file work22.txt (compact mmCIF, C-alpha atoms and all ligand atoms)
# COMPACT_ATOMS: atom_id res chain seq x y z
CA MET M 24 107.83 88.77 36.49
CA ASN M 25 106.45 89.13 39.94
CA ASN M 26 103.43 86.85 40.32
CA SER M 27 101.72 88.77 43.10
CA PHE M 28 98.07 89.14 42.19
CA ILE M 29 97.03 92.01 44.40
CA GLN M 30 99.52 94.74 45.19
CA ILE M 31 98.75 97.21 47.92
CA ASN M 32 101.23 100.07 47.66
CA GLN M 33 101.56 102.56 50.49
CA ILE M 34 97.81 102.76 51.00
CA SER M 35 96.43 105.19 53.57
CA LYS M 36 92.82 106.06 54.32
CA HIS M 37 92.12 108.91 56.70
CA PHE M 38 88.71 109.92 58.03
CA GLY M 39 89.30 113.40 59.43
CA ASN M 40 92.20 112.83 61.78
CA VAL M 41 91.56 109.09 62.17
CA LYS M 42 94.17 107.10 60.26
CA ALA M 43 91.99 104.05 59.62
CA VAL M 44 94.65 102.60 57.30
CA ASP M 45 98.12 104.02 57.75
CA ASN M 46 100.63 103.58 54.93
CA VAL M 47 100.19 99.87 54.36
CA SER M 48 102.03 97.86 51.67
CA PHE M 49 101.80 94.16 50.95
CA GLU M 50 100.98 91.65 48.26
CA ILE M 51 98.53 88.79 47.93
CA GLN M 52 99.13 85.81 45.65
CA GLU M 53 96.59 84.36 43.25
CA GLY M 54 94.55 81.55 44.82
CA GLU M 55 95.62 82.48 48.32
CA PHE M 56 93.38 82.37 51.38
CA PHE M 57 94.58 85.59 52.94
CA SER M 58 93.29 86.97 56.24
CA LEU M 59 93.33 90.40 57.82
CA LEU M 60 93.28 89.89 61.57
CA GLY M 61 93.11 92.42 64.37
CA PRO M 62 91.01 93.91 67.15
CA SER M 63 87.90 95.94 66.48
CA GLY M 64 88.69 99.36 64.99
CA CYS M 65 92.14 98.46 63.64
CA GLY M 66 91.14 99.18 60.02
CA LYS M 67 90.28 95.74 58.59
CA THR M 68 86.91 96.69 57.08
CA THR M 69 88.33 99.91 55.67
CA LEU M 70 91.13 98.02 53.95
CA LEU M 71 88.63 95.53 52.52
CA ARG M 72 86.36 98.34 51.32
CA LEU M 73 89.35 99.96 49.63
CA LEU M 74 89.95 96.69 47.77
CA ALA M 75 86.27 96.50 46.81
CA GLY M 76 86.12 100.11 45.65
CA PHE M 77 83.61 101.25 48.27
CA GLU M 78 86.27 103.63 49.56
CA TYR M 79 89.08 105.41 47.75
CA PRO M 80 92.48 105.81 49.40
CA THR M 81 93.78 109.11 50.72
CA SER M 82 97.11 108.08 49.18
CA GLY M 83 98.75 105.07 47.61
CA ASN M 84 97.63 102.74 44.84
CA LEU M 85 96.19 99.29 44.24
CA LEU M 86 97.08 96.86 41.47
CA LEU M 87 95.13 93.76 40.57
CA ASP M 88 96.58 91.31 38.09
CA GLY M 89 98.96 94.01 36.91
CA SER M 90 96.33 96.72 36.33
CA ASP M 91 95.91 99.82 38.43
CA ILE M 92 92.41 99.63 39.97
CA THR M 93 92.82 102.48 42.46
CA ALA M 94 90.24 104.72 40.80
CA LEU M 95 87.83 102.04 39.50
CA PRO M 96 84.30 101.86 40.93
CA PRO M 97 83.20 98.57 42.56
CA ASP M 98 81.30 97.22 39.54
CA LYS M 99 84.36 97.64 37.32
CA ARG M 100 86.54 95.51 39.59
CA PRO M 101 86.73 91.71 39.45
CA THR M 102 85.98 91.61 43.17
CA ASN M 103 82.89 90.79 45.18
CA MET M 104 82.18 91.25 48.84
CA VAL M 105 80.35 89.15 51.44
CA PHE M 106 79.20 91.22 54.39
CA GLN M 107 78.95 90.28 58.02
CA ASN M 108 75.19 90.92 58.20
CA TYR M 109 74.76 89.07 54.93
CA ALA M 110 72.13 91.47 53.54
CA ILE M 111 69.98 89.00 51.62
CA PHE M 112 66.62 90.30 50.41
CA PRO M 113 63.70 89.06 52.53
CA HIS M 114 60.97 89.51 49.90
CA ILE M 115 62.47 87.26 47.20
CA ASN M 116 63.40 83.58 47.41
CA VAL M 117 66.86 82.01 47.47
CA GLU M 118 67.05 81.50 43.73
CA LYS M 119 66.07 85.11 42.95
CA ASN M 120 68.48 86.37 45.59
CA ILE M 121 71.31 84.54 43.88
CA GLN M 122 70.28 85.62 40.39
CA PHE M 123 70.04 89.22 41.45
CA GLY M 124 72.15 91.42 39.22
CA LEU M 125 73.15 88.58 36.89
CA ARG M 126 70.86 89.77 34.12
CA LYS M 127 72.86 92.98 33.89
CA LEU M 128 75.85 90.87 32.82
CA GLY M 129 73.97 89.97 29.62
CA LEU M 130 73.71 86.24 30.31
CA THR M 131 70.99 84.08 28.73
CA ASN M 132 68.33 82.40 30.89
CA GLU M 133 70.04 79.08 30.29
CA GLU M 134 73.42 80.43 31.40
CA ILE M 135 71.89 82.01 34.48
CA ARG M 136 70.16 78.76 35.44
CA GLU M 137 73.40 76.84 35.02
CA ARG M 138 75.43 79.27 37.11
CA VAL M 139 72.82 79.33 39.88
CA ASN M 140 72.69 75.53 39.97
CA ASP M 141 76.47 75.37 40.15
CA VAL M 142 76.77 77.72 43.10
CA LEU M 143 73.82 76.13 44.89
CA SER M 144 75.66 72.86 44.76
CA LEU M 145 78.93 74.52 45.84
CA VAL M 146 77.35 75.94 48.98
CA LYS M 147 75.19 72.84 49.53
CA LEU M 148 71.82 74.53 49.15
CA GLU M 149 70.27 72.39 46.42
CA GLY M 150 66.55 72.08 47.04
CA TYR M 151 66.35 75.43 48.87
CA GLU M 152 65.64 77.54 45.75
CA GLU M 153 62.07 78.42 46.73
CA ARG M 154 62.71 79.33 50.34
CA PHE M 155 62.62 82.82 51.76
CA SER M 156 65.09 84.30 54.21
CA SER M 157 62.74 83.76 57.19
CA GLN M 158 62.65 80.03 56.37
CA LEU M 159 66.43 79.65 56.61
CA SER M 160 68.83 79.17 59.51
CA GLY M 161 71.68 81.63 60.10
CA GLY M 162 74.15 79.25 58.47
CA GLN M 163 71.92 78.82 55.40
CA ARG M 164 71.47 82.56 55.03
CA GLN M 165 75.22 82.95 55.11
CA ARG M 166 75.51 80.34 52.36
CA VAL M 167 73.03 82.31 50.23
CA ALA M 168 75.13 85.43 50.66
CA LEU M 169 78.20 83.45 49.66
CA ALA M 170 76.42 81.97 46.64
CA ARG M 171 75.27 85.41 45.57
CA ALA M 172 78.84 86.69 45.61
CA LEU M 173 80.30 83.58 43.90
CA VAL M 174 77.73 83.42 41.10
CA ARG M 175 79.30 86.49 39.51
CA GLN M 176 82.56 84.54 39.28
CA PRO M 177 84.80 87.17 40.84
CA LYS M 178 88.57 86.77 40.74
CA VAL M 179 88.74 87.90 44.34
CA LEU M 180 86.19 87.32 47.05
CA LEU M 181 86.30 89.80 49.94
CA LEU M 182 84.72 88.51 53.14
CA ASP M 183 84.08 90.80 56.11
CA GLU M 184 83.67 88.68 59.25
CA PRO M 185 81.23 86.45 57.36
CA LEU M 186 80.89 83.93 60.19
CA GLY M 187 80.60 86.47 62.98
CA ALA M 188 76.89 85.95 63.57
CA LEU M 189 76.99 82.15 63.76
CA ASP M 190 77.17 80.08 66.93
CA LYS M 191 80.42 78.29 67.77
CA LYS M 192 79.61 74.84 66.41
CA LEU M 193 78.21 76.10 63.12
CA ARG M 194 81.09 78.52 62.85
CA ASP M 195 83.61 75.70 63.15
CA GLU M 196 81.78 73.75 60.43
CA MET M 197 81.55 76.73 58.12
CA GLN M 198 85.25 77.49 58.60
CA LEU M 199 86.14 74.06 57.27
CA GLU M 200 83.63 74.29 54.45
CA LEU M 201 84.72 77.73 53.38
CA ARG M 202 88.33 76.65 53.32
CA THR M 203 87.50 73.55 51.25
CA LEU M 204 85.34 75.58 48.89
CA GLN M 205 88.09 78.15 48.37
CA LYS M 206 90.64 75.46 47.57
CA ASN M 207 88.19 73.77 45.15
CA ILE M 208 87.30 76.86 43.15
CA GLY M 209 90.80 78.27 43.45
CA ILE M 210 89.91 81.97 43.59
CA THR M 211 91.65 84.41 45.90
CA PHE M 212 89.94 85.05 49.24
CA VAL M 213 90.64 88.08 51.41
CA PHE M 214 89.02 87.27 54.71
CA VAL M 215 88.56 89.68 57.61
CA THR M 216 88.23 88.47 61.19
CA HIS M 217 89.00 89.56 64.74
CA ASP M 218 89.18 85.90 65.80
CA GLN M 219 92.77 84.66 65.89
CA GLN M 220 91.77 81.00 65.98
CA GLU M 221 89.68 81.48 62.88
CA ALA M 222 92.44 83.27 60.99
CA ILE M 223 95.07 80.74 62.01
CA SER M 224 93.01 77.69 61.14
CA MET M 225 91.80 78.87 57.73
CA SER M 226 94.48 80.96 56.10
CA ASP M 227 97.54 80.47 53.95
CA ARG M 228 98.85 83.76 55.30
CA VAL M 229 97.65 86.27 57.86
CA ALA M 230 98.29 89.99 58.20
CA VAL M 231 97.93 91.07 61.82
CA MET M 232 96.77 94.67 62.07
CA SER M 233 96.73 97.22 64.85
CA GLU M 234 95.87 100.90 64.59
CA GLY M 235 95.83 100.96 60.80
CA LYS M 236 99.23 99.28 60.42
CA ILE M 237 100.37 95.76 59.65
CA GLN M 238 102.20 94.35 62.66
CA GLN M 239 103.23 91.09 61.04
CA LEU M 240 102.45 89.21 57.85
CA SER M 241 103.27 85.50 58.04
CA THR M 242 101.97 81.98 57.74
CA PRO M 243 99.81 80.92 60.71
CA ASN M 244 102.57 78.73 62.06
CA GLU M 245 105.15 81.52 61.90
CA LEU M 246 102.78 83.90 63.65
CA TYR M 247 102.35 81.52 66.53
CA LYS M 248 105.91 80.26 66.77
CA ASN M 249 107.75 83.40 65.88
CA PRO M 250 105.76 86.53 66.69
CA HIS M 251 107.70 89.68 65.87
CA ASN M 252 106.50 91.85 68.69
CA ILE M 253 104.60 91.94 71.94
CA PHE M 254 101.33 92.90 70.23
CA VAL M 255 101.34 89.87 67.94
CA SER M 256 102.51 87.51 70.65
CA ASP M 257 99.70 88.63 72.93
CA PHE M 258 97.04 88.69 70.24
CA ILE M 259 97.81 85.25 68.79
CA GLY M 260 97.06 82.77 71.53
CA GLU M 261 97.95 82.98 75.17
CA THR M 262 101.39 83.66 76.53
CA ASN M 263 103.39 84.59 79.62
CA PHE M 264 105.51 87.72 79.51
CA LEU M 265 108.67 87.93 81.59
CA LYS M 266 110.63 91.08 82.31
CA ALA M 267 114.03 90.99 80.66
CA GLU M 268 117.10 92.94 79.55
CA THR M 269 119.54 92.04 76.84
CA LYS M 270 123.30 91.92 77.47
CA SER M 271 125.97 91.03 74.93
CA LYS M 272 125.42 89.17 71.66
CA ASP M 273 126.93 85.78 71.03
CA GLY M 274 126.54 84.74 67.38
CA GLU M 275 122.90 83.89 66.74
CA HIS M 276 122.25 84.08 70.47
CA ILE M 277 122.16 86.88 72.97
CA ASN M 278 122.64 86.91 76.71
CA VAL M 279 119.45 87.89 78.44
CA SER M 280 118.83 88.62 82.06
CA ILE M 281 115.30 87.47 82.93
CA GLU M 282 113.58 88.81 86.09
CA LYS M 283 115.14 87.10 89.13
CA LEU M 284 115.81 83.93 87.17
CA GLY M 285 119.33 84.83 86.08
CA GLU M 286 121.17 85.21 82.80
CA PHE M 287 120.56 82.90 79.84
CA LYS M 288 121.67 82.49 76.22
CA ILE M 289 118.55 82.93 74.09
CA LYS M 290 118.17 82.58 70.34
CA ASN M 291 118.02 86.06 68.87
CA SER M 292 115.91 85.43 65.76
CA LEU M 293 114.71 89.03 65.60
CA ASN M 294 118.25 90.39 65.87
CA ILE M 295 117.45 92.49 68.92
CA SER M 296 120.16 94.87 70.04
CA GLU M 297 122.50 94.51 72.98
CA ASN M 298 122.00 96.21 76.35
CA SER M 299 118.34 97.01 75.76
CA SER M 300 115.57 97.10 78.33
CA ASP M 301 112.94 97.59 75.63
CA VAL M 302 112.53 93.84 75.38
CA ILE M 303 110.40 91.14 76.88
CA CYS M 304 110.45 87.35 76.95
CA SER M 305 107.41 85.31 76.01
CA ILE M 306 106.70 81.68 76.93
CA ARG M 307 103.60 79.83 75.75
CA PRO M 308 101.69 77.97 78.51
CA GLU M 309 101.83 74.62 76.69
CA THR M 310 105.62 74.66 76.32
CA MET M 311 106.16 74.46 80.08
CA MET M 312 105.88 71.35 82.20
CA ILE M 313 104.18 71.16 85.55
CA ASP M 314 105.14 68.29 87.81
CA LYS M 315 105.41 67.18 91.42
CA GLU M 316 109.13 66.63 91.12
CA LYS M 317 112.13 68.63 90.02
CA SER M 318 113.21 68.15 86.43
CA ASP M 319 116.49 68.51 84.56
CA TRP M 320 115.08 71.07 82.10
CA ASP M 321 117.02 74.30 81.52
CA ILE M 322 114.98 76.16 84.12
CA CYS M 323 113.06 74.52 86.93
CA LEU M 324 111.18 76.61 89.49
CA GLU M 325 109.36 75.80 92.65
CA GLY M 326 105.80 77.10 92.59
CA LYS M 327 102.43 77.10 94.26
CA ILE M 328 99.24 76.45 92.32
CA LYS M 329 96.85 79.33 93.01
CA GLN M 330 94.06 78.18 90.76
CA THR M 331 93.23 75.66 88.07
CA SER M 332 90.69 75.60 85.30
CA TYR M 333 89.68 72.36 83.72
CA LEU M 334 88.90 72.79 80.02
CA GLY M 335 88.39 69.21 78.92
CA GLU M 336 91.28 68.62 76.57
CA ILE M 337 93.65 70.63 78.74
CA THR M 338 93.85 72.02 82.25
CA LYS M 339 95.25 75.44 82.96
CA PHE M 340 97.30 75.97 86.09
CA TYR M 341 97.91 79.45 87.51
CA ILE M 342 101.14 79.34 89.45
CA GLU M 343 102.95 81.67 91.80
CA THR M 344 106.74 81.56 91.99
CA LYS M 345 109.32 83.50 93.98
CA GLU M 346 111.23 84.56 90.88
CA ILE M 347 108.53 85.77 88.52
CA GLU M 348 106.42 88.75 89.45
CA LYS M 349 103.28 87.72 87.59
CA ILE M 350 101.25 84.56 88.00
CA ILE M 351 102.40 82.06 85.39
CA THR M 352 99.91 80.12 83.28
CA VAL M 353 100.88 76.58 82.38
CA SER M 354 98.60 74.31 80.39
CA SER M 355 98.81 70.57 80.55
CA GLN M 356 96.98 67.57 79.13
CA TYR M 357 97.76 65.54 82.23
CA PHE M 358 95.37 66.21 85.00
CA ASP M 359 94.01 62.96 86.42
CA ASN M 360 97.35 61.46 87.34
CA GLN M 361 98.62 64.47 89.21
CA SER M 362 97.69 65.45 92.69
CA PHE M 363 99.75 68.21 94.17
CA LYS M 364 100.26 68.13 97.91
CA ASN M 365 99.59 71.57 99.42
CA ASN M 366 99.46 72.82 95.81
CA ASP M 367 103.24 72.62 95.67
CA CYS M 368 104.63 72.05 92.20
CA PHE M 369 107.61 72.56 89.91
CA ILE M 370 107.45 74.29 86.57
CA SER M 371 110.05 73.56 83.93
CA ILE M 372 111.08 75.61 80.94
CA ASN M 373 113.38 74.90 78.01
CA LEU M 374 115.39 77.85 76.73
CA ASP M 375 114.35 77.00 73.15
CA ASP M 376 110.77 77.85 74.09
CA ILE M 377 111.55 81.37 75.25
CA SER M 378 111.06 84.02 72.58
CA LEU M 379 112.77 87.33 72.92
CA LEU M 380 110.65 90.19 71.59
CA ASN M 381 110.77 93.92 71.20
CA LYS M 382 108.25 95.72 73.34
CA LYS M 383 107.17 97.76 70.35
N1 LIG L 401 83.21 106.25 57.28
C1 LIG L 401 83.96 106.50 58.36
N2 LIG L 401 84.02 107.74 58.90
C2 LIG L 401 84.80 108.00 59.95
N3 LIG L 401 85.54 107.10 60.59
C3 LIG L 401 85.52 105.84 60.12
C4 LIG L 401 84.73 105.47 58.98
N4 LIG L 401 84.94 104.15 58.75
C5 LIG L 401 85.79 103.71 59.69
N5 LIG L 401 86.16 104.73 60.51
C6 LIG L 401 87.12 104.63 61.63
O1 LIG L 401 88.27 104.02 61.14
C7 LIG L 401 88.81 103.10 62.09
C8 LIG L 401 88.89 101.72 61.48
O2 LIG L 401 87.59 101.22 61.30
P1 LIG L 401 87.28 99.81 60.61
O3 LIG L 401 88.03 99.72 59.35
O4 LIG L 401 85.81 99.66 60.54
O5 LIG L 401 87.89 98.80 61.68
P2 LIG L 401 87.65 97.23 61.89
O6 LIG L 401 86.91 96.69 60.70
O7 LIG L 401 89.02 96.67 62.04
O8 LIG L 401 86.87 97.10 63.15
C9 LIG L 401 87.91 103.20 63.32
O9 LIG L 401 88.49 104.12 64.20
C10 LIG L 401 86.62 103.72 62.74
O10 LIG L 401 85.90 104.42 63.71
MG MG L 402 85.06 95.68 60.63
call {"tool": "encode", "arguments": {"input": "work22.txt", "output": "structure tokens", "more": "lines below"}}
Ligand SMILES: Nc1ncnc2c1ncn2[C@@H]1O[C@H](COP(=O)(O)OP(=O)(O)O)[C@@H](O)[C@H]1O
Ligand SMILES: [Mg+2]
result
Amino acid sequence: MNNSFIQINQISKHFGNVKAVDNVSFEIQEGEFFSLLGPSGCGKTTLLRLLAGFEYPTSGNLLLDGSDITALPPDKRPTNMVFQNYAIFPHINVEKNIQFGLRKLGLTNEEIRERVNDVLSLVKLEGYEERFSSQLSGGQRQRVALARALVRQPKVLLLDEPLGALDKKLRDEMQLELRTLQKNIGITFVFVTHDQQEAISMSDRVAVMSEGKIQQLSTPNELYKNPHNIFVSDFIGETNFLKAETKSKDGEHINVSIEKLGEFKIKNSLNISENSSDVICSIRPETMMIDKEKSDWDICLEGKIKQTSYLGEITKFYIETKEIEKIITVSSQYFDNQSFKNNDCFISINLDDISLLNKK
């Protein structure tokens, strides 16, 4: 038997002529930290709301743990949602906020107290029971919202940009905590974010979305190392795009003519067709080397540094070359020990670090 926990089968959701979700199919495993990642308006919230039962699909169906939940209302699904603006009630304290709705489940006072204590400890809010929303920081309010969703012991927690309102430092902390918490309780998380770093650092797998469709569904490492198209490559981290055309295939490789650089044998992991100009090459800034001297790498180009930006752990160099039309970005950890006379430099590239992509 197939052990996929959530099955999304050819789901579409149209609002008038907007295809918010456009014929999407994929599966989520039990206990997985799964993220939906994409720019604003690509359909992430709509897909999450379809899973929660706040929206019903225009077509397609949804299975959870083998049962068809497509037509079930939210309170009949074993899912719970944490919203971006965390919607906790201001007029009742933390404890009452968390208890809210639990009585309807027919639990005894003792059971309710036990569950509330358990989640308070999970989200590290013991001792905050009596506080009101106005007496909490943004991070603490977000924990209350999380506790309120977890206390109902859902099988799936749906999180819509839950860290979006937090400042960077707190956000980084909460990312780690959320990830640890998810692994400890072992329930399935479907997490929505527009922040690629966040998705990559937290998830077991990520679905990258654009215009209602899934562009790629992979592990974080695969997404970064092996993007399937120009959209994903551009959206996940920074990259340099080089104009290219494919020539003839050669086993797992293909001959590619790259701008004015010449013709090279590149690994053709996406099985891109011969003699196509609908392709592009991508090179990540950190895979190139910048140096004062020529190197023996596969490609070594003379360049001129037009600008640098020092970012602490790395420095970015923006380099002009004769061969490549666009300014090339190279990032390097070595800054102090390099002084470039007249901004002259060499940039080196290994063929293994060039990915050949389809434009679409
Ligand atoms: N209730 C609605 N009525 C009409 N259009 C909507 C509604 N909800 C979402 N949309 C549209 O659907 C698209 C996807 O929206 P959404 O799922 O909120 O994207 P995201 O969460 O990725 O930013 C957008 O074009 C949005 O304007
Ligand atoms: Mg949204």
call {"tool": "residues_around", "arguments": {"input": "work22.txt", "residues": "Thr81 in chain M", "least_positions_apart": "6", "cutoff": "10 Å", "atoms": "only C-alpha atoms", "output": "number ranges by chain"}}
result
M: 34-38, 42, 44-46
call {"tool": "residues_near_ligand", "arguments": {"input": "work22.txt", "ligand": "ligand MG 402 (chain L)", "cutoff": "8 Å", "atoms": "only C-alpha atoms and all ligand atoms", "output": "VMD selection string"}}
result
chain M and resid 63 to 64 66 to 69 183 to 184 215 to 216
call {"tool": "write_last_selection", "arguments": {"input": "work22.txt", "atoms": "C-alpha atoms", "output": "PDB file, keeping the file's coordinate frame"}}
result
ATOM      1  CA  SER M  63      87.900  95.940  66.480  1.00  0.00           C
ATOM      2  CA  GLY M  64      88.690  99.360  64.990  1.00  0.00           C
ATOM      3  CA  GLY M  66      91.140  99.180  60.020  1.00  0.00           C
ATOM      4  CA  LYS M  67      90.280  95.740  58.590  1.00  0.00           C
ATOM      5  CA  THR M  68      86.910  96.690  57.080  1.00  0.00           C
ATOM      6  CA  THR M  69      88.330  99.910  55.670  1.00  0.00           C
ATOM      7  CA  ASP M 183      84.080  90.800  56.110  1.00  0.00           C
ATOM      8  CA  GLU M 184      83.670  88.680  59.250  1.00  0.00           C
ATOM      9  CA  VAL M 215      88.560  89.680  57.610  1.00  0.00           C
ATOM     10  CA  THR M 216      88.230  88.470  61.190  1.00  0.00           C
TER      11      THR M 216
END
call {"tool": "axis_aligned_box", "arguments": {"input": "work22.txt", "around": "range 30-49 of chain M", "padding_each_side": "8 Å", "output": "AutoDock Vina command-line options"}}
result
--center_x 95.4 --center_y 103.8 --center_z 53.7 --size_x 29.3 --size_y 35.2 --size_z 33.0
call {"tool": "residues_around", "arguments": {"input": "work22.txt", "residues": "range 315-322 of chain M", "least_positions_apart": "3", "cutoff": "7 Å", "atoms": "only C-alpha atoms", "output": "PDB file with C-alpha atoms, in the coordinates of the input"}}
result
ATOM      1  CA  PHE M 363      99.750  68.210  94.170  1.00  0.00           C
ATOM      2  CA  CYS M 368     104.630  72.050  92.200  1.00  0.00           C
ATOM      3  CA  PHE M 369     107.610  72.560  89.910  1.00  0.00           C
ATOM      4  CA  SER M 371     110.050  73.560  83.930  1.00  0.00           C
ATOM      5  CA  ILE M 372     111.080  75.610  80.940  1.00  0.00           C
ATOM      6  CA  ASN M 373     113.380  74.900  78.010  1.00  0.00           C
ATOM      7  CA  LEU M 374     115.390  77.850  76.730  1.00  0.00           C
TER       8      LEU M 374
END
call {"tool": "residues_near_point", "arguments": {"input": "work22.txt", "point": "(77.0, 86.2, 55.9)", "cutoff": "10 Å", "atoms": "only C-alpha atoms", "output": "NGL selection string"}}
result
:M and (105-111 or 161-169 or 182-189)
call {"tool": "write_last_selection", "arguments": {"input": "work22.txt", "atoms": "C-alpha atoms", "output": "PDB file, in the frame of the given file"}}
result
ATOM      1  CA  VAL M 105      80.350  89.150  51.440  1.00  0.00           C
ATOM      2  CA  PHE M 106      79.200  91.220  54.390  1.00  0.00           C
ATOM      3  CA  GLN M 107      78.950  90.280  58.020  1.00  0.00           C
ATOM      4  CA  ASN M 108      75.190  90.920  58.200  1.00  0.00           C
ATOM      5  CA  TYR M 109      74.760  89.070  54.930  1.00  0.00           C
ATOM      6  CA  ALA M 110      72.130  91.470  53.540  1.00  0.00           C
ATOM      7  CA  ILE M 111      69.980  89.000  51.620  1.00  0.00           C
ATOM      8  CA  GLY M 161      71.680  81.630  60.100  1.00  0.00           C
ATOM      9  CA  GLY M 162      74.150  79.250  58.470  1.00  0.00           C
ATOM     10  CA  GLN M 163      71.920  78.820  55.400  1.00  0.00           C
ATOM     11  CA  ARG M 164      71.470  82.560  55.030  1.00  0.00           C
ATOM     12  CA  GLN M 165      75.220  82.950  55.110  1.00  0.00           C
ATOM     13  CA  ARG M 166      75.510  80.340  52.360  1.00  0.00           C
ATOM     14  CA  VAL M 167      73.030  82.310  50.230  1.00  0.00           C
ATOM     15  CA  ALA M 168      75.130  85.430  50.660  1.00  0.00           C
ATOM     16  CA  LEU M 169      78.200  83.450  49.660  1.00  0.00           C
ATOM     17  CA  LEU M 182      84.720  88.510  53.140  1.00  0.00           C
ATOM     18  CA  ASP M 183      84.080  90.800  56.110  1.00  0.00           C
ATOM     19  CA  GLU M 184      83.670  88.680  59.250  1.00  0.00           C
ATOM     20  CA  PRO M 185      81.230  86.450  57.360  1.00  0.00           C
ATOM     21  CA  LEU M 186      80.890  83.930  60.190  1.00  0.00           C
ATOM     22  CA  GLY M 187      80.600  86.470  62.980  1.00  0.00           C
ATOM     23  CA  ALA M 188      76.890  85.950  63.570  1.00  0.00           C
ATOM     24  CA  LEU M 189      76.990  82.150  63.760  1.00  0.00           C
TER      25      LEU M 189
END
call {"tool": "residues_near_point", "arguments": {"input": "work22.txt", "point": "(100.8, 88.5, 72.2)", "cutoff": "12 Å", "atoms": "all atoms listed in the file", "output": "number ranges by chain"}}
result
M: 61, 219, 231, 238-239, 246-264, 303-307, 378, 380-383
call {"tool": "closest_residue", "arguments": {"input": "work22.txt", "among": "M:Met104, M:Leu60, M:Leu95, M:Ile277", "to": "Leu181 in chain M", "atoms": "all atoms listed in the file"}}
result
M:Met104
call {"tool": "atom_distance", "arguments": {"input": "work22.txt", "atom1": "CA of Gly326 in chain M", "atom2": "CA of Val279 in chain M"}}
result
22.4 Å
call {"tool": "closest_residue", "arguments": {"input": "work22.txt", "among": "M:Asn365, M:Asn244, M:Gln205, M:Asn40", "to": "ligand LIG 401 (chain L)", "atoms": "only C-alpha atoms and all ligand atoms"}}
result
M:Asn40
call {"tool": "atom_distance", "arguments": {"input": "work22.txt", "atom1": "CA of Ser58 in chain M", "atom2": "CA of Ser292 in chain M"}}
result
24.6 Å
call {"tool": "closest_residue", "arguments": {"input": "work22.txt", "among": "M:Ile51, M:Leu143, M:Leu59, M:Ala222", "to": "ligand LIG 401 (chain L)", "atoms": "all atoms listed in the file"}}
result
M:Leu59
